Structure formats: C-alpha cells, structure tokens
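Structure below is data-v4.csv: CSV, C-alpha atoms.
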chain,number,residue,atom,x,y,z
T,1,MET,CA,-70.2,-44.9,-126.6
T,2,ILE,CA,-66.9,-46.0,-128.1
T,3,ASN,CA,-67.0,-43.0,-130.5
T,4,ARG,CA,-67.4,-40.7,-127.5
T,5,LEU,CA,-64.4,-42.3,-125.8
T,6,VAL,CA,-62.3,-42.0,-128.9
T,7,THR,CA,-63.2,-38.3,-129.3
T,8,GLY,CA,-62.6,-37.7,-125.6
T,9,ALA,CA,-59.2,-39.3,-125.6
T,10,ALA,CA,-58.3,-37.5,-128.8
T,11,ALA,CA,-59.3,-34.2,-127.2
T,12,LEU,CA,-57.2,-35.0,-124.1
T,13,ALA,CA,-54.2,-35.9,-126.3
T,14,THR,CA,-54.6,-32.6,-128.2
T,15,ALA,CA,-54.8,-30.7,-124.9
T,16,CYS,CA,-51.8,-32.5,-123.6
T,17,LEU,CA,-49.8,-31.7,-126.8
T,18,MET,CA,-50.7,-28.0,-126.4
T,19,ALA,CA,-49.6,-28.0,-122.8
T,20,LEU,CA,-46.5,-29.8,-123.7
T,21,SER,CA,-45.5,-27.3,-126.4
T,22,SER,CA,-45.7,-24.5,-123.9
T,23,ALA,CA,-43.9,-26.4,-121.2
T,24,GLN,CA,-41.1,-27.4,-123.5
T,25,ALA,CA,-39.5,-24.0,-123.4
T,26,PHE,CA,-36.9,-25.1,-120.9
T,27,ASP,CA,-37.0,-28.6,-119.6
T,28,ASP,CA,-34.5,-28.5,-116.7
T,29,SER,CA,-35.0,-32.2,-116.0
T,30,GLU,CA,-32.7,-32.8,-119.0
T,31,TYR,CA,-29.8,-31.3,-117.1
T,32,PRO,CA,-28.0,-32.4,-113.9
T,33,ASP,CA,-29.3,-30.8,-110.7
T,34,LEU,CA,-26.6,-28.3,-109.8
T,35,LYS,CA,-28.8,-26.2,-107.5
T,36,GLY,CA,-27.5,-25.0,-104.1
T,37,GLN,CA,-24.3,-23.8,-102.6
T,38,TRP,CA,-21.1,-25.7,-103.4
T,39,ARG,CA,-18.0,-25.6,-101.4
T,40,ARG,CA,-14.5,-26.9,-102.1
T,41,ILE,CA,-13.4,-30.1,-100.5
T,42,PRO,CA,-10.6,-29.5,-98.0
T,43,VAL,CA,-8.1,-32.3,-98.1
T,44,PRO,CA,-6.7,-32.9,-94.6
T,45,GLY,CA,-3.0,-32.4,-94.3
T,46,VAL,CA,-2.6,-30.3,-97.4
T,47,ARG,CA,-0.4,-27.3,-96.6
T,48,GLY,CA,-0.6,-23.7,-97.6
T,49,GLN,CA,-3.4,-21.7,-99.1
T,50,ILE,CA,-5.9,-23.1,-101.5
T,51,SER,CA,-4.4,-24.0,-104.8
T,52,PHE,CA,-5.1,-25.4,-108.2
T,53,ASP,CA,-4.8,-29.1,-107.4
T,54,GLN,CA,-6.7,-29.5,-104.2
T,55,HIS,CA,-4.8,-32.7,-103.3
T,56,LYS,CA,-1.4,-31.1,-103.1
T,57,ASP,CA,0.3,-28.3,-101.1
T,58,TRP,CA,0.3,-24.8,-102.6
T,59,GLY,CA,3.3,-23.4,-104.6
T,60,LYS,CA,6.1,-25.9,-105.3
T,61,GLY,CA,4.0,-28.7,-103.8
T,62,GLN,CA,1.7,-28.4,-106.8
T,63,GLY,CA,4.3,-29.8,-109.1
T,64,ALA,CA,3.1,-27.6,-112.0
T,65,PRO,CA,4.8,-28.6,-115.3
T,66,LEU,CA,6.2,-25.2,-116.0
T,67,THR,CA,8.6,-24.5,-118.8
T,68,PRO,CA,12.2,-23.7,-117.7
T,69,GLU,CA,11.6,-20.0,-118.4
T,70,TYR,CA,8.4,-19.9,-116.2
T,71,GLN,CA,10.0,-22.1,-113.5
T,72,ALA,CA,12.7,-19.4,-113.2
T,73,ILE,CA,10.1,-16.7,-113.0
T,74,TYR,CA,8.2,-18.7,-110.4
T,75,GLU,CA,11.3,-19.3,-108.2
T,76,ALA,CA,12.3,-15.6,-108.4
T,77,ASN,CA,8.8,-14.8,-107.1
T,78,LEU,CA,9.3,-17.3,-104.2
T,79,LYS,CA,12.5,-15.5,-103.3
T,80,SER,CA,10.8,-12.2,-103.4
T,81,GLN,CA,8.0,-13.4,-101.2
T,82,ALA,CA,10.5,-14.8,-98.7
T,83,ARG,CA,12.4,-11.5,-98.6
T,84,ALA,CA,9.2,-9.6,-98.0
T,85,THR,CA,8.1,-12.0,-95.3
T,86,ALA,CA,11.4,-11.7,-93.6
T,87,ALA,CA,11.2,-7.9,-93.8
T,88,SER,CA,7.6,-7.5,-92.6
T,89,GLY,CA,7.0,-10.6,-90.6
T,90,SER,CA,4.0,-11.5,-92.7
T,91,ALA,CA,3.4,-13.1,-96.1
T,92,SER,CA,3.4,-10.6,-98.9
T,93,LEU,CA,1.3,-11.7,-101.9
T,94,ALA,CA,1.1,-8.5,-103.8
T,95,SER,CA,-1.5,-9.5,-106.3
T,96,ALA,CA,-3.8,-11.1,-103.8
T,97,LEU,CA,-3.5,-8.1,-101.4
T,98,ALA,CA,-4.4,-5.8,-104.2
T,99,CYS,CA,-7.7,-7.6,-104.6
T,100,ARG,CA,-7.1,-8.8,-108.1
T,101,SER,CA,-9.3,-11.8,-109.1
M,1,MET,CA,-61.2,-51.9,-134.3
M,2,HIS,CA,-62.7,-49.2,-132.2
M,3,CYS,CA,-61.3,-50.7,-129.0
M,4,ARG,CA,-57.8,-50.8,-130.4
M,5,SER,CA,-58.1,-47.2,-131.4
M,6,VAL,CA,-59.4,-46.2,-127.9
M,7,ILE,CA,-56.5,-48.1,-126.3
M,8,ARG,CA,-53.9,-46.5,-128.6
M,9,THR,CA,-55.3,-43.0,-127.9
M,10,ILE,CA,-55.3,-43.5,-124.2
M,11,VAL,CA,-51.8,-44.9,-124.2
M,12,LEU,CA,-50.7,-41.8,-126.3
M,13,ALA,CA,-52.5,-39.5,-123.8
M,14,ALA,CA,-50.8,-41.2,-120.9
M,15,ALA,CA,-47.4,-40.9,-122.5
M,16,LEU,CA,-48.0,-37.2,-123.2
M,17,LEU,CA,-49.0,-36.7,-119.6
M,18,MET,CA,-45.8,-38.3,-118.4
M,19,ALA,CA,-43.8,-36.1,-120.7
M,20,ILE,CA,-45.5,-33.0,-119.4
M,21,GLY,CA,-44.8,-34.2,-115.9
M,22,SER,CA,-41.1,-34.1,-116.5
M,23,ALA,CA,-41.1,-31.0,-118.7
M,24,GLN,CA,-43.0,-29.0,-116.2
M,25,ALA,CA,-40.0,-28.8,-113.9
M,26,PHE,CA,-39.4,-25.2,-115.1
M,27,ASP,CA,-41.8,-23.7,-117.5
M,28,ASP,CA,-40.1,-20.4,-118.4
M,29,SER,CA,-42.9,-19.4,-120.7
M,30,LYS,CA,-44.7,-18.3,-117.5
M,31,TYR,CA,-42.1,-15.7,-116.9
M,32,PRO,CA,-41.3,-12.5,-118.8
M,33,ASN,CA,-38.3,-12.9,-121.2
M,34,LEU,CA,-35.5,-11.1,-119.5
M,35,LYS,CA,-32.7,-12.7,-121.5
M,36,GLY,CA,-29.9,-10.6,-122.9
M,37,GLN,CA,-27.8,-7.7,-121.9
M,38,TRP,CA,-29.5,-4.7,-120.3
M,39,GLU,CA,-27.9,-1.3,-120.4
M,40,ARG,CA,-29.0,1.7,-118.4
M,41,PHE,CA,-31.3,4.1,-120.2
M,42,VAL,CA,-29.4,7.2,-121.0
M,43,VAL,CA,-31.3,10.5,-121.0
M,44,ARG,CA,-29.5,13.0,-123.2
M,45,GLY,CA,-28.3,16.2,-121.7
M,46,VAL,CA,-28.3,15.0,-118.1
M,47,PRO,CA,-25.1,16.3,-116.5
M,48,GLY,CA,-22.7,14.4,-114.3
M,49,GLN,CA,-22.2,10.7,-113.8
M,50,PRO,CA,-25.1,8.2,-113.8
M,51,SER,CA,-27.2,8.5,-110.8
M,52,HIS,CA,-30.3,7.2,-109.0
M,53,ASP,CA,-33.0,9.1,-110.9
M,54,GLN,CA,-31.8,8.6,-114.5
M,55,THR,CA,-33.8,11.7,-115.7
M,56,LYS,CA,-31.9,14.1,-113.5
M,57,GLY,CA,-28.2,15.1,-113.1
M,58,TRP,CA,-26.1,13.6,-110.3
M,59,GLY,CA,-25.7,14.8,-106.8
M,60,GLU,CA,-27.4,18.1,-106.0
M,61,LEU,CA,-29.6,17.9,-109.2
M,62,GLN,CA,-31.3,14.7,-108.0
M,63,GLY,CA,-33.3,16.6,-105.5
M,64,ALA,CA,-33.1,13.8,-102.9
M,65,PRO,CA,-35.5,14.4,-100.1
M,66,LEU,CA,-32.8,14.4,-97.4
M,67,THR,CA,-33.4,15.3,-93.8
M,68,PRO,CA,-31.6,18.5,-92.8
M,69,GLU,CA,-28.9,16.5,-91.0
M,70,TYR,CA,-28.1,14.4,-94.0
M,71,GLN,CA,-28.4,17.4,-96.4
M,72,LYS,CA,-25.7,19.0,-94.4
M,73,ILE,CA,-23.6,15.8,-94.5
M,74,PHE,CA,-24.1,15.7,-98.3
M,75,GLU,CA,-23.2,19.4,-98.7
M,76,GLU,CA,-20.0,19.0,-96.7
M,77,ASN,CA,-19.1,16.1,-98.9
M,78,VAL,CA,-19.7,18.2,-102.0
M,79,LYS,CA,-17.4,20.9,-100.7
M,80,GLU,CA,-14.7,18.2,-100.1
M,81,GLN,CA,-15.1,16.8,-103.6
M,82,ASP,CA,-15.0,20.3,-105.1
M,83,ALA,CA,-11.7,20.8,-103.3
M,84,GLY,CA,-10.3,17.6,-105.0
M,85,GLY,CA,-11.2,15.0,-102.4
M,86,LEU,CA,-13.5,12.0,-102.8
M,87,GLY,CA,-15.9,12.9,-100.0
M,88,LEU,CA,-18.5,10.2,-99.3
M,89,GLY,CA,-17.4,8.5,-102.5
M,90,ALA,CA,-14.1,7.5,-101.0
M,91,ASP,CA,-15.0,3.9,-100.2
M,92,HIS,CA,-16.5,3.3,-103.6
M,93,ALA,CA,-13.4,4.9,-105.3
M,94,ARG,CA,-11.3,2.3,-103.5
M,95,CYS,CA,-13.4,-0.5,-105.1
M,96,VAL,CA,-15.7,-1.2,-102.1
M,97,ALA,CA,-19.0,-2.5,-103.3
M,98,ALA,CA,-21.7,0.1,-104.2
M,99,GLY,CA,-24.5,-1.8,-102.6
M,100,MET,CA,-28.2,-0.9,-102.9
M,101,PRO,CA,-29.3,1.2,-104.6
M,102,PHE,CA,-26.2,2.4,-106.3
M,103,MET,CA,-25.4,-1.1,-107.7
M,104,MET,CA,-28.5,-0.8,-109.9
M,105,VAL,CA,-27.2,2.2,-111.7
M,106,ALA,CA,-25.8,-0.2,-114.3
M,107,PHE,CA,-22.4,1.2,-115.1
M,108,ARG,CA,-21.8,-2.1,-116.8
M,109,PRO,CA,-24.6,-4.1,-118.5
M,110,LEU,CA,-26.9,-6.2,-116.2
M,111,GLU,CA,-28.0,-9.7,-116.8
M,112,PHE,CA,-31.2,-11.2,-115.3
M,113,ILE,CA,-31.4,-15.0,-114.8
M,114,VAL,CA,-34.8,-16.1,-113.8
M,115,THR,CA,-35.5,-19.4,-112.1
M,116,PRO,CA,-38.6,-20.3,-110.1
M,117,GLU,CA,-36.7,-20.1,-106.8
M,118,THR,CA,-34.3,-17.2,-107.4
M,119,THR,CA,-33.9,-14.4,-109.8
M,120,TYR,CA,-30.2,-13.4,-110.2
M,121,ILE,CA,-29.1,-10.0,-111.3
M,122,ILE,CA,-25.5,-10.1,-112.4
M,123,ILE,CA,-24.0,-6.7,-111.9
M,124,ALA,CA,-20.3,-7.6,-112.7
M,125,ASP,CA,-19.0,-4.2,-111.7
M,126,TYR,CA,-18.0,-3.2,-108.2
M,127,ASP,CA,-20.7,-5.6,-106.9
M,128,PRO,CA,-21.0,-9.2,-108.0
M,129,LEU,CA,-24.7,-10.0,-108.1
M,130,ARG,CA,-28.1,-9.8,-106.4
M,131,ARG,CA,-30.1,-12.8,-105.5
M,132,ILE,CA,-33.8,-12.3,-105.3
M,133,PHE,CA,-35.4,-15.2,-103.6
M,134,THR,CA,-38.8,-16.1,-105.0
M,135,ASP,CA,-39.2,-19.5,-103.3
M,136,GLY,CA,-41.8,-18.3,-100.9
M,137,ARG,CA,-39.4,-18.0,-97.9
M,138,ASP,CA,-40.0,-15.7,-95.0
M,139,TRP,CA,-37.5,-13.2,-93.6
M,140,PRO,CA,-34.8,-14.9,-91.7
M,141,LYS,CA,-34.7,-14.2,-88.0
M,142,GLU,CA,-31.2,-12.7,-88.4
M,143,ILE,CA,-29.7,-11.3,-91.6
M,144,GLU,CA,-26.0,-11.0,-92.0
M,145,PRO,CA,-25.7,-7.4,-93.2
M,146,THR,CA,-24.4,-7.0,-96.7
M,147,PHE,CA,-24.0,-4.1,-99.2
M,148,GLN,CA,-26.6,-5.6,-101.5
M,149,GLY,CA,-29.0,-6.6,-98.8
M,150,TYR,CA,-31.3,-9.6,-98.6
M,151,SER,CA,-34.0,-9.7,-101.2
M,152,ILE,CA,-37.3,-11.5,-101.2
M,153,GLY,CA,-39.5,-11.3,-104.3
M,154,LYS,CA,-42.8,-12.5,-105.7
M,155,TRP,CA,-43.9,-12.9,-109.3
M,156,ILE,CA,-47.3,-11.5,-110.0
M,157,ASP,CA,-49.7,-12.0,-112.9
M,158,THR,CA,-51.3,-8.5,-112.9
M,159,ASP,CA,-53.5,-9.0,-115.9
M,160,GLY,CA,-54.7,-12.6,-115.3
M,161,ASP,CA,-53.4,-14.0,-118.6
M,162,GLY,CA,-51.6,-16.9,-116.9
M,163,LYS,CA,-48.1,-15.3,-117.2
M,164,TYR,CA,-46.2,-13.4,-114.6
M,165,ASP,CA,-45.5,-9.8,-115.6
M,166,VAL,CA,-44.2,-8.1,-112.5
M,167,LEU,CA,-41.5,-9.1,-110.0
M,168,GLU,CA,-42.1,-7.3,-106.6
M,169,VAL,CA,-39.1,-7.2,-104.4
M,170,GLU,CA,-38.3,-6.1,-100.9
M,171,THR,CA,-34.7,-5.7,-99.8
M,172,ARG,CA,-33.4,-5.2,-96.2
M,173,GLY,CA,-30.4,-6.2,-94.1
M,174,PHE,CA,-27.6,-3.7,-95.1
M,175,LYS,CA,-24.2,-2.6,-94.1
M,176,GLY,CA,-22.6,0.6,-95.2
M,177,PRO,CA,-21.7,3.3,-95.7
M,178,ARG,CA,-23.7,3.4,-99.0
M,179,ILE,CA,-24.5,6.3,-101.3
M,180,TYR,CA,-26.9,6.8,-104.2
M,181,ASP,CA,-24.3,8.1,-106.6
M,182,ILE,CA,-20.6,8.9,-106.7
M,183,ARG,CA,-21.4,12.6,-106.0
M,184,GLY,CA,-22.1,11.2,-102.5
M,185,ILE,CA,-25.8,11.4,-101.7
M,186,PRO,CA,-25.8,9.5,-98.5
M,187,LEU,CA,-28.0,6.8,-97.0
M,188,HIS,CA,-28.4,6.8,-93.2
M,189,ARG,CA,-25.6,5.4,-91.2
M,190,ASP,CA,-28.0,3.1,-89.3
M,191,ASN,CA,-28.3,0.9,-92.4
M,192,GLN,CA,-32.0,0.4,-91.7
M,193,SER,CA,-32.9,1.1,-95.4
M,194,VAL,CA,-35.7,-0.8,-97.0
M,195,PHE,CA,-36.1,-0.9,-100.8
M,196,LYS,CA,-39.3,-1.9,-102.6
M,197,GLU,CA,-39.0,-2.6,-106.3
M,198,ARG,CA,-41.3,-3.5,-109.2
M,199,PHE,CA,-39.5,-5.0,-112.2
M,200,TYR,CA,-41.6,-5.2,-115.4
M,201,LEU,CA,-41.2,-5.0,-119.1
M,202,ASP,CA,-42.6,-2.0,-120.8
M,203,LYS,CA,-46.1,-2.7,-122.2
M,204,ASN,CA,-45.2,-1.0,-125.5
M,205,ASP,CA,-41.6,-2.1,-125.8
M,206,PRO,CA,-40.4,-5.6,-124.6
M,207,ASN,CA,-36.8,-4.4,-124.9
M,208,LEU,CA,-37.3,-1.8,-122.1
M,209,LEU,CA,-37.2,-2.9,-118.5
M,210,HIS,CA,-38.5,-0.8,-115.6
M,211,ASP,CA,-37.3,-1.0,-112.1
M,212,GLU,CA,-39.6,1.2,-110.0
M,213,ILE,CA,-37.6,1.5,-106.9
M,214,THR,CA,-38.7,3.1,-103.6
M,215,ALA,CA,-36.1,3.9,-101.0
M,216,ILE,CA,-37.2,4.0,-97.4
M,217,ASP,CA,-34.4,5.3,-95.3
M,218,ASN,CA,-34.0,7.4,-92.2
M,219,ALA,CA,-31.9,10.0,-94.0
M,220,LEU,CA,-35.0,10.8,-96.1
M,221,THR,CA,-37.9,12.9,-95.2
M,222,ARG,CA,-40.2,10.6,-97.2
M,223,PRO,CA,-39.9,7.5,-99.4
M,224,TRP,CA,-38.1,8.3,-102.6
M,225,THR,CA,-39.3,6.6,-105.8
M,226,VAL,CA,-37.7,6.6,-109.2
M,227,ASP,CA,-38.3,4.6,-112.3
M,228,LYS,CA,-35.0,3.2,-113.4
M,229,ARG,CA,-35.1,1.9,-117.0
M,230,TYR,CA,-32.8,-0.5,-118.8
M,231,VAL,CA,-32.5,-1.1,-122.6
M,232,ARG,CA,-31.9,-4.6,-124.0
M,233,ASN,CA,-28.9,-4.9,-126.3
M,234,PRO,CA,-30.4,-6.3,-129.6
M,235,ASP,CA,-27.2,-8.4,-130.0
M,236,LEU,CA,-28.2,-11.5,-128.0
M,237,ARG,CA,-24.6,-12.7,-128.2
M,238,ALA,CA,-23.0,-9.5,-127.1
M,239,ASP,CA,-19.7,-9.5,-125.3
M,240,TRP,CA,-19.7,-9.3,-121.6
M,241,PRO,CA,-17.1,-6.9,-120.4
M,242,GLU,CA,-14.9,-7.9,-117.5
M,243,SER,CA,-14.4,-5.2,-114.8
M,244,ILE,CA,-11.9,-5.8,-112.0
M,245,CYS,CA,-11.9,-2.5,-110.1
M,246,PRO,CA,-8.4,-2.8,-108.5
M,247,GLU,CA,-6.8,-3.5,-111.8
M,248,TYR,CA,-6.7,0.1,-112.9
M,249,ASN,CA,-7.6,1.9,-109.7
M,250,ALA,CA,-5.3,4.8,-109.0
M,251,ASN,CA,-7.0,6.0,-105.8
M,252,VAL,CA,-5.1,5.4,-102.5
M,253,VAL,CA,-6.5,6.3,-99.2
M,254,ILE,CA,-4.0,6.8,-96.4
M,255,GLY,CA,-5.0,8.1,-93.0
M,256,GLY,CA,-8.4,9.1,-94.3
M,257,GLU,CA,-7.0,11.2,-97.1
M,258,ASN,CA,-7.1,10.4,-100.8
M,259,PHE,CA,-3.9,10.3,-102.9
M,260,PHE,CA,-3.3,9.1,-106.4
M,261,LEU,CA,-0.9,6.6,-107.9
M,262,SER,CA,0.8,8.2,-110.9
M,263,ALA,CA,1.3,6.2,-114.2
M,264,ASP,CA,4.8,5.4,-113.0
M,265,GLY,CA,3.4,3.9,-109.8
M,266,MET,CA,4.5,6.8,-107.5
M,267,LEU,CA,2.3,8.4,-104.9
M,268,MET,CA,1.1,11.8,-105.9
M,269,PRO,CA,-1.3,14.4,-104.4
M,270,SER,CA,-4.9,14.4,-105.3
M,271,ARG,CA,-5.3,18.1,-104.8
M,272,LYS,CA,-3.1,21.2,-104.9
M,273,GLY,CA,-1.1,21.9,-101.8
M,274,GLN,CA,-1.8,18.4,-100.3
M,275,LEU,CA,0.9,17.4,-97.7
M,276,PRO,CA,2.5,13.9,-98.0
M,277,PRO,CA,1.0,11.1,-95.8
M,278,ASP,CA,2.2,10.5,-92.3
M,279,LEU,CA,5.3,8.2,-92.6
M,280,ARG,CA,5.7,7.5,-88.9
M,281,HIS,CA,5.9,3.7,-89.4
M,282,PHE,CA,8.9,4.1,-91.7
M,283,ASP,CA,12.3,4.1,-90.0
M,284,LYS,CA,14.2,5.7,-92.9
M,285,THR,CA,13.5,8.4,-95.4
M,286,ARG,CA,14.3,7.9,-99.0
M,287,LYS,CA,17.1,10.1,-100.4

Whole structure given in structure tokens:
Amino acid sequence: MINRLVTGAAALATACLMALSSAQAFDDSEYPDLKGQWRRIPVPGVRGQISFDQHKDWGKGQGAPLTPEYQAIYEANLKSQARATAASGSASLASALACRS
Amino acid sequence: MHCRSVIRTIVLAAALLMAIGSAQAFDDSKYPNLKGQWERFVVRGVPGQPSHDQTKGWGELQGAPLTPEYQKIFEENVKEQDAGGLGLGADHARCVAAGMPFMMVAFRPLEFIVTPETTYIIIADYDPLRRIFTDGRDWPKEIEPTFQGYSIGKWIDTDGDGKYDVLEVETRGFKGPRIYDIRGIPLHRDNQSVFKERFYLDKNDPNLLHDEITAIDNALTRPWTVDKRYVRNPDLRADWPESICPEYNANVVIGGENFFLSADGMLMPSRKGQLPPDLRHFDKTRK
C-alpha cells in the first residue's frame, strides 16, 4: 500500500514537473500587472497644455534647467509664438500643427 | 521510513502544483511563436507599389471585383493620378491613416504581440496598431468608427494537438475614405466593410506567416479573398525603423487640389499648367 502511494506521488510529481516546464515559458505573475488603459493625472489649476512635469504650468512654468544658449532659443520661440498669435488670433505651434510626434 | 518518503513526495507535489498555479497565468507555449519582425512577402516582377494581393501589380492589375459604380470611381481616380494628381490616394498622401485593409500591406515591418486577451499588431507606419480582442467579448452595441476598425478574434487548435495554430478575426466599425492601395482602389463610402481573416504560420516554414483576408464590402460584386504573406526577419534583434509621415511629406492639399512643397519649402505645382491656389484669405500679394 505504502509502495503504491510512493509510486503514485512520484508519478504526480513527475507530471507536475512536465506541466511546469511547459508553463514556464512566460510567467507573467513575476511582473507587475500593467494591463488596461492608463491616463495622465490632470493636476487641478495647472495652466496651459500638457507638459513634461505634470505638476507645473507649461512653457516657462516648467522651470526647465536649460543652458543659457537653449534658454535664448526658447525665449525667441516664445516671442515668435506671441507674434503669430497676435497676427492670427490663435496660438501657432508650428510643429504640433504639422502633426510631428 | 516509507511514511517520511510519502510525506516528502506529497509535499513536493503540492509545492509543484502551487508553482504551476502561478506560472499558468500566461502559458505562451499554447500559442504560435509570432515573435520578431515580419516583412511583407515580395513577389518579384510585380509592377507598381505594394498592394492588396501581393501576387499582382497595383491598381488595375489587382482585378478587384468592383461594382460598375465603383469601377467608374476607380477609373476616374486613375485618370486624375495619370494627370499628376493624387486621386483617391490624396488623404493617405497627406498622412491620414490607411486603415483596413491597406494598413496590412506592411510598408514597414509588422510586430505581433500575443497575449491571452488581445493580440496587438504594431504597424508603425501611417497607422499605429491593431488590437484584436481574444478575451471572448461580444460585439459592442455601438462602435466608434475608426480606420482600423474593431477586431474580435478567436484562437483555434485546428489539429487537436493542444496548441493554437490559427487566429480567426472579424473586423467591423470603420470610417473612411479607405482604399486598398495607393493607386486608389476604393472601398464603399458607406464604411460597412467587414473583414474576415485567418492568421497562421506556414506548415512547412515557421518563418512565413499567412493572413488570409476576405473583404466583404458594398463596392465589391463578391467577397474578395487574398492570401497575404509576411516573412520573419532572421535577426531577432533587428532595428525597428521610425516612420513619422509628416516629417518628410511634401504633399499639400489646398482647396481639394494637390501641390508640392519644394526642397526650399516653397509651394510648387504638382502637375504641368496647374494654377496657384486661391489666395482669397490673404489681404496682400507678395512682391
């Protein structure tokens, strides 16, 4: 009787091992569950369009640590946007409007 | 002694069962291996740009079973294209999504990501991706029309070996206009198209993927079935090209007419003798 039990249990263990080896191909339980649809968190009171730091306003409000050279480029761009807005009555964001990602 | 052995073995079996329980979350060995980069199958000598039936040339050479009404629409579009226009390809030339079935032409390599609930086909060209839901859902009461449509699929074990080998898919819920290829073979404006597909790896070559696709559309006199094939890139770490259509697109459509942007960023005609666009909204002319 005991011998049969041992043999049965060993057979079960072997079957389990075989099943395990095929199931181990990708064990997604080892990874965080990121399934579903994710949306950005809008922070109330933050002004402008969506930006890099969600907690701050767009553009200057971001406080990006730009080098002096790129700070100048950025401010020239702001002036250009302001001129275009004044001319057309609407914001002109050339790159965004051209559908570039 | 025997009792200890029995207990140990049972404990081991129980531990293994628990391990299986957690590992069974997604057993990808049940699904065909679609990993890697899939490129469209190129048939040598076929003229024109890639089209719906890969074994035939584009446009007129496809032999699409169009109704007389849509054959006429197609032929008028061909005349316009031959005169330098874009015809029914105008929207796509402006980077509007291709949609089904044009998106499956694989101008850029495709990637298939299989999960139990959804199979994703990353297009990464004019269209971002397709989601094929395999979670057993039914058709929604209302579908927000899209260019790629709403796809429901089912994995099938056709030979009973315990592994899935065919993904059957039905896709509905479109918006348009859509075409089969850039030569302008049209789908019906009512956007009531339905596509039935069977994806499977070739029995003799696991690096060849078939997409048997049947178009059911009111611009056709009968369902139109083709066997699209894709070839797996043997380099499993191949580069994935980035394609941002507007980055290099020189087509400009103004007032329904196509113009080009020259290399120096100036507007230029797309065909000989073309008049400049209507400038009624400008209050000054450039001198």

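Interatomic distance, atom CA of M:Gly57 against atom CA of M:Asp181: 10.3 Å.
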
Excluding same-chain residues fewer than 6 positions from stretch 57-70 of chain T, what lies within 8 Å of it counting only C-alpha atoms, as a PyMOL selection string?
chain T and resi 46-51

When you count only C-alpha atoms, which of these residues is closest to chain M: T:Ile41, T:Ser80, T:Glu30, T:Ala72?
T:Glu30

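The gap separating atom CA of M:Tyr31 from atom CA of M:Thr134 is 12.4 Å, in Å to one decimal.
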
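Atom CA of T:Phe52 is positioned 21.1 Å from atom CA of T:Ala82.
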
Surrounding residues of M:Gly265 excluding itself and chain neighbours under 4 positions, 10 Å, all atoms listed in the file, as JSON, numbers by chain
{"M": [250, 260, 261]}

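The nearest approach to M:Pro128 among the residues M:Gly89, M:Gly256, M:Gly99, M:Pro234, with all atoms listed in the file taken into account, belongs to M:Gly99.
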
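The shortest atom-to-atom distance to chain T, with only C-alpha atoms taken into account, belongs to M:Asn249 out of M:Gln81, M:Gln71, M:Asn249, M:Asn204.
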
Place N, CA and C atoms on stretch 34-54 of chain T and deliver the coordinates as an mmCIF file, in the coordinates of the input.
data_model
loop_
_atom_site.group_PDB
_atom_site.id
_atom_site.type_symbol
_atom_site.label_atom_id
_atom_site.label_comp_id
_atom_site.auth_asym_id
_atom_site.auth_seq_id
_atom_site.Cartn_x
_atom_site.Cartn_y
_atom_site.Cartn_z
ATOM 1 N N LEU T 34 -27.726 -28.981 -110.368
ATOM 2 C CA LEU T 34 -26.600 -28.300 -109.800
ATOM 3 C C LEU T 34 -26.986 -27.227 -108.792
ATOM 4 N N LYS T 35 -28.246 -27.244 -108.387
ATOM 5 C CA LYS T 35 -28.800 -26.200 -107.500
ATOM 6 C C LYS T 35 -28.057 -26.228 -106.144
ATOM 7 N N GLY T 36 -28.071 -25.086 -105.480
ATOM 8 C CA GLY T 36 -27.500 -25.000 -104.100
ATOM 9 C C GLY T 36 -26.176 -24.382 -104.048
ATOM 10 N N GLN T 37 -25.588 -24.496 -102.888
ATOM 11 C CA GLN T 37 -24.300 -23.800 -102.600
ATOM 12 C C GLN T 37 -23.225 -24.900 -102.574
ATOM 13 N N TRP T 38 -22.179 -24.689 -103.326
ATOM 14 C CA TRP T 38 -21.100 -25.700 -103.400
ATOM 15 C C TRP T 38 -19.829 -25.157 -102.791
ATOM 16 N N ARG T 39 -19.199 -26.006 -102.023
ATOM 17 C CA ARG T 39 -18.000 -25.600 -101.400
ATOM 18 C C ARG T 39 -16.827 -26.545 -101.792
ATOM 19 N N ARG T 40 -15.617 -26.023 -101.766
ATOM 20 C CA ARG T 40 -14.500 -26.900 -102.100
ATOM 21 C C ARG T 40 -14.277 -27.941 -101.061
ATOM 22 N N ILE T 41 -13.659 -29.039 -101.468
ATOM 23 C CA ILE T 41 -13.400 -30.100 -100.500
ATOM 24 C C ILE T 41 -12.003 -29.893 -99.923
ATOM 25 N N PRO T 42 -11.901 -29.568 -98.630
ATOM 26 C CA PRO T 42 -10.600 -29.500 -98.000
ATOM 27 C C PRO T 42 -9.957 -30.842 -97.848
ATOM 28 N N VAL T 43 -8.734 -31.020 -98.303
ATOM 29 C CA VAL T 43 -8.100 -32.300 -98.100
ATOM 30 C C VAL T 43 -7.202 -32.201 -96.864
ATOM 31 N N PRO T 44 -7.468 -33.025 -95.838
ATOM 32 C CA PRO T 44 -6.700 -32.900 -94.600
ATOM 33 C C PRO T 44 -5.205 -33.099 -94.855
ATOM 34 N N GLY T 45 -4.411 -32.257 -94.204
ATOM 35 C CA GLY T 45 -3.000 -32.400 -94.300
ATOM 36 C C GLY T 45 -2.334 -31.610 -95.422
ATOM 37 N N VAL T 46 -3.126 -31.112 -96.339
ATOM 38 C CA VAL T 46 -2.600 -30.300 -97.400
ATOM 39 C C VAL T 46 -2.175 -28.954 -96.904
ATOM 40 N N ARG T 47 -0.937 -28.537 -97.189
ATOM 41 C CA ARG T 47 -0.400 -27.300 -96.600
ATOM 42 C C ARG T 47 -0.543 -26.092 -97.484
ATOM 43 N N GLY T 48 -0.530 -24.929 -96.831
ATOM 44 C CA GLY T 48 -0.600 -23.700 -97.600
ATOM 45 C C GLY T 48 -1.975 -23.243 -97.892
ATOM 46 N N GLN T 49 -2.056 -22.199 -98.682
ATOM 47 C CA GLN T 49 -3.400 -21.700 -99.100
ATOM 48 C C GLN T 49 -3.942 -22.555 -100.206
ATOM 49 N N ILE T 50 -5.180 -22.312 -100.501
ATOM 50 C CA ILE T 50 -5.900 -23.100 -101.500
ATOM 51 C C ILE T 50 -5.202 -22.963 -102.862
ATOM 52 N N SER T 51 -5.081 -24.055 -103.555
ATOM 53 C CA SER T 51 -4.400 -24.000 -104.800
ATOM 54 C C SER T 51 -5.130 -24.741 -105.927
ATOM 55 N N PHE T 52 -4.461 -24.907 -107.040
ATOM 56 C CA PHE T 52 -5.100 -25.400 -108.200
ATOM 57 C C PHE T 52 -5.478 -26.915 -108.062
ATOM 58 N N ASP T 53 -4.505 -27.721 -107.697
ATOM 59 C CA ASP T 53 -4.800 -29.100 -107.400
ATOM 60 C C ASP T 53 -5.055 -29.243 -105.901
ATOM 61 N N GLN T 54 -6.308 -29.504 -105.579
ATOM 62 C CA GLN T 54 -6.700 -29.500 -104.200
ATOM 63 C C GLN T 54 -5.998 -30.578 -103.333
#
